[in-house]
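Source file: upload06.pdb; contents: PDB, C-alpha atoms, pLDDT in the B column.
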```pdb
ATOM      1  CA  PRO T  30      25.556  63.158 -26.249  1.00 72.00           C
ATOM      2  CA  GLN T  31      27.080  62.525 -29.639  1.00 82.00           C
ATOM      3  CA  ILE T  32      24.757  63.300 -32.531  1.00 78.00           C
ATOM      4  CA  LYS T  33      23.888  60.263 -34.656  1.00 84.00           C
ATOM      5  CA  GLU T  34      22.443  60.738 -38.116  1.00 85.00           C
ATOM      6  CA  ARG T  35      19.981  58.252 -39.569  1.00 85.00           C
ATOM      7  CA  LEU T  36      18.757  58.039 -43.155  1.00 89.00           C
ATOM      8  CA  LEU T  37      14.959  58.075 -43.417  1.00 91.00           C
ATOM      9  CA  THR T  38      14.466  58.281 -47.187  1.00 90.00           C
ATOM     10  CA  ASN T  39      16.584  57.330 -50.173  1.00 87.00           C
ATOM     11  CA  ASN T  40      14.639  58.626 -53.147  1.00 88.00           C
ATOM     12  CA  SER T  41      16.067  59.056 -56.605  1.00 87.00           C
ATOM     13  CA  ALA T  42      16.416  62.520 -58.115  1.00 85.00           C
ATOM     14  CA  GLU T  43      13.392  61.798 -60.336  1.00 85.00           C
ATOM     15  CA  VAL T  44      11.204  61.226 -57.252  1.00 87.00           C
ATOM     16  CA  ALA T  45      12.717  63.802 -54.917  1.00 87.00           C
ATOM     17  CA  VAL T  46      11.267  64.262 -51.423  1.00 89.00           C
ATOM     18  CA  GLY T  47       9.262  67.463 -51.191  1.00 86.00           C
ATOM     19  CA  GLY T  48       9.037  67.689 -47.400  1.00 88.00           C
ATOM     20  CA  GLY T  49       8.647  65.637 -44.242  1.00 92.00           C
ATOM     21  CA  SER T  50       7.649  65.836 -40.598  1.00 93.00           C
ATOM     22  CA  ILE T  51       8.099  63.570 -37.562  1.00 94.00           C
ATOM     23  CA  SER T  52       5.129  62.963 -35.263  1.00 96.00           C
ATOM     24  CA  PRO T  53       5.255  64.465 -31.746  1.00 95.00           C
ATOM     25  CA  ASP T  54       5.784  61.025 -30.190  1.00 96.00           C
ATOM     26  CA  GLY T  55       8.752  60.391 -32.502  1.00 95.00           C
ATOM     27  CA  LYS T  56       7.322  57.168 -33.938  1.00 96.00           C
ATOM     28  CA  PHE T  57       6.149  58.204 -37.411  1.00 97.00           C
ATOM     29  CA  PHE T  58       7.574  60.136 -40.333  1.00 96.00           C
ATOM     30  CA  ALA T  59       5.176  61.562 -42.913  1.00 96.00           C
ATOM     31  CA  TYR T  60       6.646  62.826 -46.161  1.00 95.00           C
ATOM     32  CA  THR T  61       5.740  63.788 -49.705  1.00 93.00           C
ATOM     33  CA  ASP T  62       7.388  63.143 -53.060  1.00 90.00           C
ATOM     34  CA  ALA T  63       6.448  63.188 -56.733  1.00 85.00           C
ATOM     35  CA  LYS T  64       4.430  59.971 -56.305  1.00 87.00           C
ATOM     36  CA  GLY T  65       2.252  61.177 -53.436  1.00 88.00           C
ATOM     37  CA  MET T  66       2.279  60.911 -49.646  1.00 91.00           C
ATOM     38  CA  HIS T  67       3.891  58.261 -47.473  1.00 94.00           C
ATOM     39  CA  LEU T  68       4.083  57.258 -43.822  1.00 95.00           C
ATOM     40  CA  GLN T  69       7.089  55.527 -42.299  1.00 96.00           C
ATOM     41  CA  LEU T  70       7.297  53.727 -38.955  1.00 95.00           C
ATOM     42  CA  ILE T  71      10.674  55.067 -37.851  1.00 94.00           C
ATOM     43  CA  GLU T  72      11.719  52.132 -35.665  1.00 93.00           C
ATOM     44  CA  SER T  73      11.353  49.531 -38.426  1.00 93.00           C
ATOM     45  CA  ALA T  74      11.578  51.824 -41.502  1.00 92.00           C
ATOM     46  CA  GLU T  75       8.383  50.153 -42.773  1.00 94.00           C
ATOM     47  CA  THR T  76       6.764  52.576 -45.225  1.00 94.00           C
ATOM     48  CA  ARG T  77       3.302  52.649 -46.762  1.00 93.00           C
ATOM     49  CA  ASP T  78       1.588  54.896 -49.271  1.00 93.00           C
ATOM     50  CA  LEU T  79      -1.258  57.038 -47.989  1.00 92.00           C
ATOM     51  CA  LEU T  80      -4.581  57.110 -49.791  1.00 90.00           C
ATOM     52  CA  LEU T  81      -5.273  60.513 -51.314  1.00 90.00           C
ATOM     53  CA  PRO T  82      -8.711  62.171 -51.234  1.00 92.00           C
ATOM     54  CA  ASP T  83     -11.044  60.868 -53.945  1.00 90.00           C
ATOM     55  CA  ALA T  84     -12.037  64.438 -54.768  1.00 91.00           C
ATOM     56  CA  LEU T  85      -8.450  65.289 -55.785  1.00 91.00           C
ATOM     57  CA  LYS T  86      -7.224  62.076 -57.431  1.00 82.00           C
ATOM     58  CA  ASP T  87      -7.522  63.469 -60.964  1.00 82.00           C
ATOM     59  CA  LYS T  88      -6.546  67.042 -60.158  1.00 87.00           C
ATOM     60  CA  PRO T  89      -3.032  68.517 -60.587  1.00 89.00           C
ATOM     61  CA  VAL T  90      -2.013  69.233 -56.996  1.00 91.00           C
ATOM     62  CA  ASP T  91       1.116  68.961 -54.894  1.00 90.00           C
ATOM     63  CA  TRP T  92       1.114  68.104 -51.203  1.00 92.00           C
ATOM     64  CA  GLN T  93       2.577  70.141 -48.355  1.00 92.00           C
ATOM     65  CA  LEU T  94       2.542  69.036 -44.722  1.00 93.00           C
ATOM     66  CA  GLY T  95       0.727  71.422 -42.403  1.00 94.00           C
ATOM     67  CA  GLY T  96       1.439  70.071 -38.918  1.00 94.00           C
ATOM     68  CA  TRP T  97       0.764  67.136 -36.581  1.00 96.00           C
ATOM     69  CA  PHE T  98      -1.821  67.019 -33.814  1.00 97.00           C
ATOM     70  CA  PRO T  99      -0.271  66.355 -30.380  1.00 96.00           C
ATOM     71  CA  ASP T 100      -1.834  62.874 -30.139  1.00 96.00           C
ATOM     72  CA  SER T 101       0.330  61.766 -33.121  1.00 97.00           C
ATOM     73  CA  THR T 102      -2.651  60.089 -34.820  1.00 96.00           C
ATOM     74  CA  ARG T 103      -3.576  62.933 -37.225  1.00 96.00           C
ATOM     75  CA  PHE T 104      -1.825  65.548 -39.316  1.00 97.00           C
ATOM     76  CA  LEU T 105      -2.781  68.317 -41.711  1.00 97.00           C
ATOM     77  CA  VAL T 106      -1.863  68.550 -45.378  1.00 96.00           C
ATOM     78  CA  ASN T 107      -2.195  71.414 -47.845  1.00 95.00           C
ATOM     79  CA  ALA T 108      -3.220  70.509 -51.391  1.00 94.00           C
ATOM     80  CA  ILE T 109      -1.626  73.263 -53.473  1.00 92.00           C
ATOM     81  CA  PRO T 110      -1.866  73.944 -57.231  1.00 90.00           C
ATOM     82  CA  ARG T 111       0.795  71.847 -58.978  1.00 86.00           C
ATOM     83  CA  GLY T 112       3.886  73.694 -60.128  1.00 76.00           C
ATOM     84  CA  SER T 113       3.587  76.571 -57.658  1.00 74.00           C
ATOM     85  CA  LEU T 114       6.980  78.065 -56.861  1.00 66.00           C
ATOM     86  CA  PRO T 115       7.861  78.393 -53.137  1.00 63.00           C
ATOM     87  CA  GLU T 116       7.702  82.183 -53.328  1.00 63.00           C
ATOM     88  CA  GLU T 117       4.252  81.938 -54.944  1.00 69.00           C
ATOM     89  CA  LEU T 118       2.599  79.714 -52.335  1.00 75.00           C
ATOM     90  CA  SER T 119      -0.574  81.170 -50.860  1.00 85.00           C
ATOM     91  CA  SER T 120      -4.080  80.181 -49.875  1.00 91.00           C
ATOM     92  CA  GLN T 121      -5.411  80.866 -53.375  1.00 90.00           C
ATOM     93  CA  GLY T 122      -6.574  77.529 -54.778  1.00 92.00           C
ATOM     94  CA  THR T 123      -5.146  75.655 -51.757  1.00 95.00           C
ATOM     95  CA  SER T 124      -7.264  73.357 -49.580  1.00 96.00           C
ATOM     96  CA  ILE T 125      -6.600  71.867 -46.137  1.00 97.00           C
ATOM     97  CA  TRP T 126      -7.081  68.151 -45.456  1.00 97.00           C
ATOM     98  CA  MET T 127      -6.756  66.018 -42.334  1.00 97.00           C
ATOM     99  CA  PHE T 128      -5.048  62.619 -42.600  1.00 96.00           C
ATOM    100  CA  SER T 129      -5.473  59.946 -39.926  1.00 94.00           C
ATOM    101  CA  LEU T 130      -3.274  57.024 -38.890  1.00 93.00           C
ATOM    102  CA  LEU T 131      -6.380  55.188 -37.666  1.00 89.00           C
ATOM    103  CA  GLY T 132      -7.587  54.114 -41.118  1.00 82.00           C
ATOM    104  CA  ASN T 133     -10.078  56.925 -41.701  1.00 89.00           C
ATOM    105  CA  PRO T 134     -10.140  58.485 -45.190  1.00 92.00           C
ATOM    106  CA  PRO T 135      -8.682  62.001 -45.601  1.00 94.00           C
ATOM    107  CA  ARG T 136     -11.156  64.649 -44.484  1.00 95.00           C
ATOM    108  CA  HIS T 137     -11.614  68.040 -46.102  1.00 96.00           C
ATOM    109  CA  ILE T 138     -11.245  70.945 -43.650  1.00 97.00           C
ATOM    110  CA  ARG T 139     -11.254  74.204 -45.640  1.00 97.00           C
ATOM    111  CA  ASP T 140     -10.813  75.699 -49.129  1.00 96.00           C
ATOM    112  CA  ASN T 141      -8.721  78.748 -50.089  1.00 96.00           C
ATOM    113  CA  ALA T 142      -6.691  78.391 -46.904  1.00 96.00           C
ATOM    114  CA  GLN T 143      -3.164  77.213 -46.080  1.00 95.00           C
ATOM    115  CA  ALA T 144      -2.559  75.373 -42.786  1.00 96.00           C
ATOM    116  CA  ASP T 145       0.360  76.759 -40.789  1.00 93.00           C
ATOM    117  CA  GLY T 146       0.340  74.454 -37.784  1.00 93.00           C
ATOM    118  CA  VAL T 147      -1.596  73.024 -34.846  1.00 96.00           C
ATOM    119  CA  SER T 148      -1.480  74.486 -31.336  1.00 96.00           C
ATOM    120  CA  PRO T 149       0.438  72.423 -28.728  1.00 95.00           C
ATOM    121  CA  ASP T 150      -2.798  71.345 -27.040  1.00 96.00           C
ATOM    122  CA  GLY T 151      -4.505  70.482 -30.346  1.00 96.00           C
ATOM    123  CA  SER T 152      -7.376  72.913 -29.805  1.00 96.00           C
ATOM    124  CA  ALA T 153      -6.620  75.299 -32.691  1.00 96.00           C
ATOM    125  CA  ILE T 154      -5.253  75.364 -36.232  1.00 97.00           C
ATOM    126  CA  ALA T 155      -3.502  78.441 -37.611  1.00 96.00           C
ATOM    127  CA  PHE T 156      -3.987  79.119 -41.311  1.00 97.00           C
ATOM    128  CA  GLY T 157      -3.309  81.826 -43.862  1.00 96.00           C
ATOM    129  CA  ALA T 158      -5.928  83.475 -46.080  1.00 95.00           C
ATOM    130  CA  ASN T 159      -6.673  86.442 -48.354  1.00 94.00           C
ATOM    131  CA  PRO T 160      -3.566  86.617 -50.567  1.00 91.00           C
ATOM    132  CA  GLY T 161      -2.059  89.828 -51.918  1.00 87.00           C
ATOM    133  CA  ARG T 162       0.917  90.430 -54.189  1.00 83.00           C
ATOM    134  CA  PHE T 163       3.400  89.216 -51.525  1.00 83.00           C
ATOM    135  CA  GLY T 164       1.310  86.278 -50.288  1.00 88.00           C
ATOM    136  CA  ASP T 165      -1.393  85.771 -47.655  1.00 94.00           C
ATOM    137  CA  ARG T 166      -2.301  88.926 -45.749  1.00 95.00           C
ATOM    138  CA  GLU T 167      -4.244  87.348 -42.882  1.00 96.00           C
ATOM    139  CA  ILE T 168      -3.605  84.787 -40.138  1.00 96.00           C
ATOM    140  CA  TRP T 169      -6.690  82.963 -38.885  1.00 96.00           C
ATOM    141  CA  LEU T 170      -7.432  80.416 -36.167  1.00 96.00           C
ATOM    142  CA  MET T 171     -10.054  77.665 -36.275  1.00 97.00           C
ATOM    143  CA  GLY T 172     -11.002  74.617 -34.249  1.00 97.00           C
ATOM    144  CA  PRO T 173      -9.513  71.163 -34.932  1.00 94.00           C
ATOM    145  CA  ASP T 174     -12.414  70.293 -37.253  1.00 93.00           C
ATOM    146  CA  GLY T 175     -12.457  73.652 -39.040  1.00 95.00           C
ATOM    147  CA  GLU T 176     -15.114  75.198 -36.823  1.00 96.00           C
ATOM    148  CA  ASN T 177     -15.289  78.712 -35.307  1.00 96.00           C
ATOM    149  CA  ALA T 178     -12.804  80.344 -37.695  1.00 97.00           C
ATOM    150  CA  ARG T 179     -11.727  83.833 -36.659  1.00 95.00           C
ATOM    151  CA  ARG T 180      -9.210  86.296 -38.018  1.00 95.00           C
ATOM    152  CA  LEU T 181      -6.259  86.823 -35.706  1.00 93.00           C
ATOM    153  CA  TYR T 182      -3.941  89.310 -37.477  1.00 93.00           C
ATOM    154  CA  ASP T 183      -3.814  91.048 -40.836  1.00 93.00           C
ATOM    155  CA  THR T 184      -1.554  93.349 -42.799  1.00 93.00           C
ATOM    156  CA  ASP T 185      -1.845  95.800 -45.699  1.00 91.00           C
ATOM    157  CA  GLU T 186      -1.768  95.250 -49.460  1.00 89.00           C
ATOM    158  CA  ASP T 187       1.982  95.890 -49.632  1.00 90.00           C
ATOM    159  CA  SER T 188       3.011  93.035 -47.315  1.00 93.00           C
ATOM    160  CA  SER T 189       2.133  89.503 -46.249  1.00 93.00           C
ATOM    161  CA  ILE T 190       2.226  87.481 -43.015  1.00 93.00           C
ATOM    162  CA  ASN T 191       2.766  83.729 -42.900  1.00 89.00           C
ATOM    163  CA  SER T 192       4.983  80.865 -41.629  1.00 89.00           C
ATOM    164  CA  VAL T 193       3.240  80.657 -38.255  1.00 93.00           C
ATOM    165  CA  LEU T 194       5.054  78.822 -35.460  1.00 92.00           C
ATOM    166  CA  TRP T 195       3.478  78.141 -32.054  1.00 94.00           C
ATOM    167  CA  SER T 196       5.424  78.618 -28.831  1.00 93.00           C
ATOM    168  CA  PRO T 197       5.767  75.383 -26.818  1.00 93.00           C
ATOM    169  CA  ASN T 198       3.237  76.591 -24.234  1.00 92.00           C
ATOM    170  CA  GLY T 199       0.766  77.813 -26.879  1.00 93.00           C
ATOM    171  CA  LYS T 200       0.614  81.383 -25.552  1.00 93.00           C
ATOM    172  CA  LEU T 201       2.525  83.066 -28.372  1.00 92.00           C
ATOM    173  CA  ILE T 202       3.104  82.630 -32.068  1.00 94.00           C
ATOM    174  CA  ALA T 203       6.022  83.585 -34.267  1.00 92.00           C
ATOM    175  CA  TYR T 204       5.466  84.513 -37.897  1.00 93.00           C
ATOM    176  CA  THR T 205       7.071  86.336 -40.802  1.00 92.00           C
ATOM    177  CA  ARG T 206       6.105  89.601 -42.462  1.00 93.00           C
ATOM    178  CA  VAL T 207       7.246  90.045 -46.055  1.00 92.00           C
ATOM    179  CA  ASP T 208       7.332  93.455 -47.747  1.00 91.00           C
ATOM    180  CA  SER T 209       9.536  95.423 -50.130  1.00 90.00           C
ATOM    181  CA  GLU T 210      12.367  95.449 -47.548  1.00 90.00           C
ATOM    182  CA  GLY T 211      12.405  91.679 -47.108  1.00 90.00           C
ATOM    183  CA  VAL T 212      11.454  89.233 -44.343  1.00 92.00           C
ATOM    184  CA  THR T 213      10.908  90.322 -40.730  1.00 93.00           C
ATOM    185  CA  PHE T 214      10.453  87.663 -38.019  1.00 92.00           C
ATOM    186  CA  LEU T 215       7.957  88.620 -35.303  1.00 92.00           C
ATOM    187  CA  SER T 216       6.422  87.121 -32.165  1.00 92.00           C
ATOM    188  CA  ARG T 217       3.096  88.044 -30.631  1.00 92.00           C
ATOM    189  CA  ASP T 218       1.016  87.228 -27.569  1.00 92.00           C
ATOM    190  CA  LEU T 219      -2.304  85.601 -28.487  1.00 91.00           C
ATOM    191  CA  GLN T 220      -3.998  87.594 -25.734  1.00 89.00           C
ATOM    192  CA  GLY T 221      -3.192  90.869 -27.488  1.00 86.00           C
ATOM    193  CA  GLY T 222      -0.565  93.573 -27.675  1.00 88.00           C
ATOM    194  CA  PRO T 223       1.852  94.685 -30.397  1.00 90.00           C
ATOM    195  CA  PRO T 224       4.278  92.306 -32.141  1.00 91.00           C
ATOM    196  CA  THR T 225       7.891  91.946 -31.013  1.00 91.00           C
ATOM    197  CA  ALA T 226      10.586  91.884 -33.698  1.00 91.00           C
ATOM    198  CA  ILE T 227      12.847  88.826 -33.493  1.00 88.00           C
ATOM    199  CA  PHE T 228      14.897  89.345 -36.664  1.00 87.00           C
ATOM    200  CA  PRO T 229      14.889  92.425 -38.940  1.00 90.00           C
ATOM    201  CA  PRO T 230      14.963  92.063 -42.746  1.00 90.00           C
ATOM    202  CA  SER T 231      18.738  92.529 -42.772  1.00 85.00           C
ATOM    203  CA  PHE T 232      18.977  89.143 -41.025  1.00 83.00           C
ATOM    204  CA  GLY T 233      15.571  87.614 -41.730  1.00 84.00           C
ATOM    205  CA  ASN T 234      16.329  87.422 -45.445  1.00 85.00           C
ATOM    206  CA  GLU T 235      19.053  84.848 -44.635  1.00 85.00           C
ATOM    207  CA  ILE T 236      16.750  82.462 -42.695  1.00 85.00           C
ATOM    208  CA  PHE T 237      14.831  79.710 -44.474  1.00 79.00           C
ATOM    209  CA  ASP T 238      13.537  77.490 -41.650  1.00 82.00           C
ATOM    210  CA  TYR T 239      13.094  77.601 -37.868  1.00 85.00           C
ATOM    211  CA  ILE T 240      11.594  75.715 -34.924  1.00 86.00           C
ATOM    212  CA  TRP T 241      10.648  76.901 -31.444  1.00 87.00           C
ATOM    213  CA  LEU T 242      11.908  75.001 -28.394  1.00 84.00           C
ATOM    214  CA  PRO T 243      11.268  76.037 -24.781  1.00 84.00           C
ATOM    215  CA  GLY T 244      13.055  79.360 -24.358  1.00 78.00           C
ATOM    216  CA  ARG T 245      14.772  79.528 -27.737  1.00 80.00           C
ATOM    217  CA  LEU T 246      14.519  79.341 -31.510  1.00 82.00           C
ATOM    218  CA  ILE T 247      16.695  77.121 -33.671  1.00 84.00           C
ATOM    219  CA  TYR T 248      17.011  78.439 -37.192  1.00 84.00           C
ATOM    220  CA  SER T 249      18.757  77.502 -40.409  1.00 83.00           C
ATOM    221  CA  SER T 250      20.381  80.300 -42.386  1.00 80.00           C
ATOM    222  CA  SER T 251      21.654  80.544 -45.936  1.00 73.00           C
ATOM    223  CA  ASN T 252      25.256  80.490 -44.734  1.00 67.00           C
ATOM    224  CA  GLY T 253      24.795  76.774 -44.105  1.00 58.00           C
ATOM    225  CA  TYR T 254      24.663  76.346 -40.330  1.00 54.00           C
ATOM    226  CA  CYS T 255      22.142  76.381 -37.489  1.00 56.00           C
ATOM    227  CA  SER T 256      22.234  78.887 -34.671  1.00 55.00           C
ATOM    228  CA  PHE T 257      20.412  79.595 -31.447  1.00 55.00           C
ATOM    229  CA  PHE T 258      18.563  82.722 -30.400  1.00 53.00           C
ATOM    230  CA  GLU T 259      16.618  83.576 -27.250  1.00 51.00           C
ATOM    231  CA  PRO T 260      13.537  85.238 -28.807  1.00 50.00           C
ATOM    232  CA  VAL T 261      11.330  86.171 -25.827  1.00 47.00           C
ATOM    233  CA  SER T 262      10.710  85.142 -22.240  1.00 42.00           C
ATOM    234  CA  TYR T 263       7.278  83.724 -21.559  1.00 40.00           C
TER     235      TYR T 263
END
```
Since I need it in another form, could you write the structure as structure tokens?
Amino acid sequence: PQIKERLLTNNSAEVAVGGGSISPDGKFFAYTDAKGMHLQLIESAETRDLLLPDALKDKPVDWQLGGWFPDSTRFLVNAIPRGSLPEELSSQGTSIWMFSLLGNPPRHIRDNAQADGVSPDGSAIAFGANPGRFGDREIWLMGPDGENARRLYDTDEDSSINSVLWSPNGKLIAYTRVDSEGVTFLSRDLQGGPPTAIFPPSFGNEIFDYIWLPGRLIYSSSNGYCSFFEPVSY
């Protein structure tokens, strides 16, 4: 079918959009800008401001979306120290909060952690912790309410691992490792075993965003176009 583009936001340069994410059911669009967080009903374009946590109202933080739950009624948000550059983002000073579309106030989940996404079945949250000079050095999993946290993978002082992406069936994750050579994209079975390299640094350095669809990755590269790659069979 022919691709049809649709404008969701029209912010001025002074209130630029920082990031956004569409709910799994395709009905809602959550996004952040310099004024806070907002939720848009995509069908009608009706938009409302989201109440921020009382504990952070007077603190200098920026907001980063951390993933929707599969029921499309909740999503995670990272409260990060204001002014942090993208290459400096880590769990240090960052807290994870859960926002609800059902009218409940934002709920604190964890401090000194950075949410990286929710599993497809909603049973687990991946988050980064323990930063080093390149960023977070550990990937952890916890329950949907922050319970039963356990370390999944780690790396040494001279590298970091982050940008977790769940496979559609929830059996694998993809993530990046950053070291002196650059960015390597890896996938790994949650049941164990060594990681599989998807992209080496020679190519990984050119990628700035990616999503995982059944059987393939779609990624955006610095040369300005999207491509397809069959990462693993599962």
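Taking all atoms listed in the file into account, Phe214 (chain T) lies nearest to T:Asn191 out of the set T:Asn133, T:Asn191, T:Asn198, T:Ser73.
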Using the chain letters and numbers from this file, what does the PyMOL selection byres ((chain T and resi 160) around 9) select? Give the answer as a PyMOL selection string. chain T and resi 119-121+157-159+161-167+186+189
Identify all residues satisfying the PyMOL selection byres ((chain T and resi 139) around 7) in the given file; provide them as a VMD selection string. chain T and resid 124 to 125 137 to 138 140 to 142 175
Identify, on the basis of all atoms listed in the file, every residue whose closest approach to Asp100 (chain T) does not exceed 12 Å; exclude the query and any residue fewer than 3 positions from it along the same chain; express the result as a ChimeraX atom specification. /T:52-57,96-97,103-104,129-131,147-152
For the file shown, report as a PDB file with C-alpha atoms, keeping the file's coordinate frame the outcome of the PyMOL selection byres ((chain T and resi 66) around 12) at residue level.
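Writing done, so here's expr-v3.pdb:
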```pdb
ATOM      1  CA  VAL T  44      11.204  61.226 -57.252  1.00 87.00           C
ATOM      2  CA  VAL T  46      11.267  64.262 -51.423  1.00 89.00           C
ATOM      3  CA  GLY T  47       9.262  67.463 -51.191  1.00 86.00           C
ATOM      4  CA  GLY T  48       9.037  67.689 -47.400  1.00 88.00           C
ATOM      5  CA  GLY T  49       8.647  65.637 -44.242  1.00 92.00           C
ATOM      6  CA  SER T  50       7.649  65.836 -40.598  1.00 93.00           C
ATOM      7  CA  PHE T  58       7.574  60.136 -40.333  1.00 96.00           C
ATOM      8  CA  ALA T  59       5.176  61.562 -42.913  1.00 96.00           C
ATOM      9  CA  TYR T  60       6.646  62.826 -46.161  1.00 95.00           C
ATOM     10  CA  THR T  61       5.740  63.788 -49.705  1.00 93.00           C
ATOM     11  CA  ASP T  62       7.388  63.143 -53.060  1.00 90.00           C
ATOM     12  CA  ALA T  63       6.448  63.188 -56.733  1.00 85.00           C
ATOM     13  CA  LYS T  64       4.430  59.971 -56.305  1.00 87.00           C
ATOM     14  CA  GLY T  65       2.252  61.177 -53.436  1.00 88.00           C
ATOM     15  CA  HIS T  67       3.891  58.261 -47.473  1.00 94.00           C
ATOM     16  CA  LEU T  68       4.083  57.258 -43.822  1.00 95.00           C
ATOM     17  CA  GLN T  69       7.089  55.527 -42.299  1.00 96.00           C
ATOM     18  CA  THR T  76       6.764  52.576 -45.225  1.00 94.00           C
ATOM     19  CA  ARG T  77       3.302  52.649 -46.762  1.00 93.00           C
ATOM     20  CA  ASP T  78       1.588  54.896 -49.271  1.00 93.00           C
ATOM     21  CA  LEU T  79      -1.258  57.038 -47.989  1.00 92.00           C
ATOM     22  CA  LEU T  80      -4.581  57.110 -49.791  1.00 90.00           C
ATOM     23  CA  LEU T  81      -5.273  60.513 -51.314  1.00 90.00           C
ATOM     24  CA  PRO T  82      -8.711  62.171 -51.234  1.00 92.00           C
ATOM     25  CA  VAL T  90      -2.013  69.233 -56.996  1.00 91.00           C
ATOM     26  CA  ASP T  91       1.116  68.961 -54.894  1.00 90.00           C
ATOM     27  CA  TRP T  92       1.114  68.104 -51.203  1.00 92.00           C
ATOM     28  CA  GLN T  93       2.577  70.141 -48.355  1.00 92.00           C
ATOM     29  CA  LEU T  94       2.542  69.036 -44.722  1.00 93.00           C
ATOM     30  CA  LEU T 105      -2.781  68.317 -41.711  1.00 97.00           C
ATOM     31  CA  VAL T 106      -1.863  68.550 -45.378  1.00 96.00           C
ATOM     32  CA  ASN T 107      -2.195  71.414 -47.845  1.00 95.00           C
ATOM     33  CA  ALA T 108      -3.220  70.509 -51.391  1.00 94.00           C
ATOM     34  CA  PHE T 128      -5.048  62.619 -42.600  1.00 96.00           C
ATOM     35  CA  PRO T 135      -8.682  62.001 -45.601  1.00 94.00           C
TER      36      PRO T 135
END
```
Of the candidates T:Pro223, T:Pro89, T:Pro173, T:Pro197, which shows the shortest atom-to-atom distance to Arg136 (chain T), using only C-alpha atoms? T:Pro173
d(CA of Leu170 (chain T), CA of Ser250 (chain T)) in Å: 28.5 Å
If you count all atoms listed in the file, the residue of T:Leu37, T:Leu215, T:Val193, T:Ala84 closest to Gly233 (chain T) turns out to be T:Leu215
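Counting only C-alpha atoms and comparing T:Leu85, T:Ser209, T:Leu201, T:Leu181, the residue that lies closest to Asn234 (chain T) is T:Ser209.
Interatomic distance, CA of Pro134 (chain T) against CA of Ala74 (chain T): 23.0 Å.
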d(CA of Ala203 (chain T), CA of Ser216 (chain T)) in Å: 4.1 Å
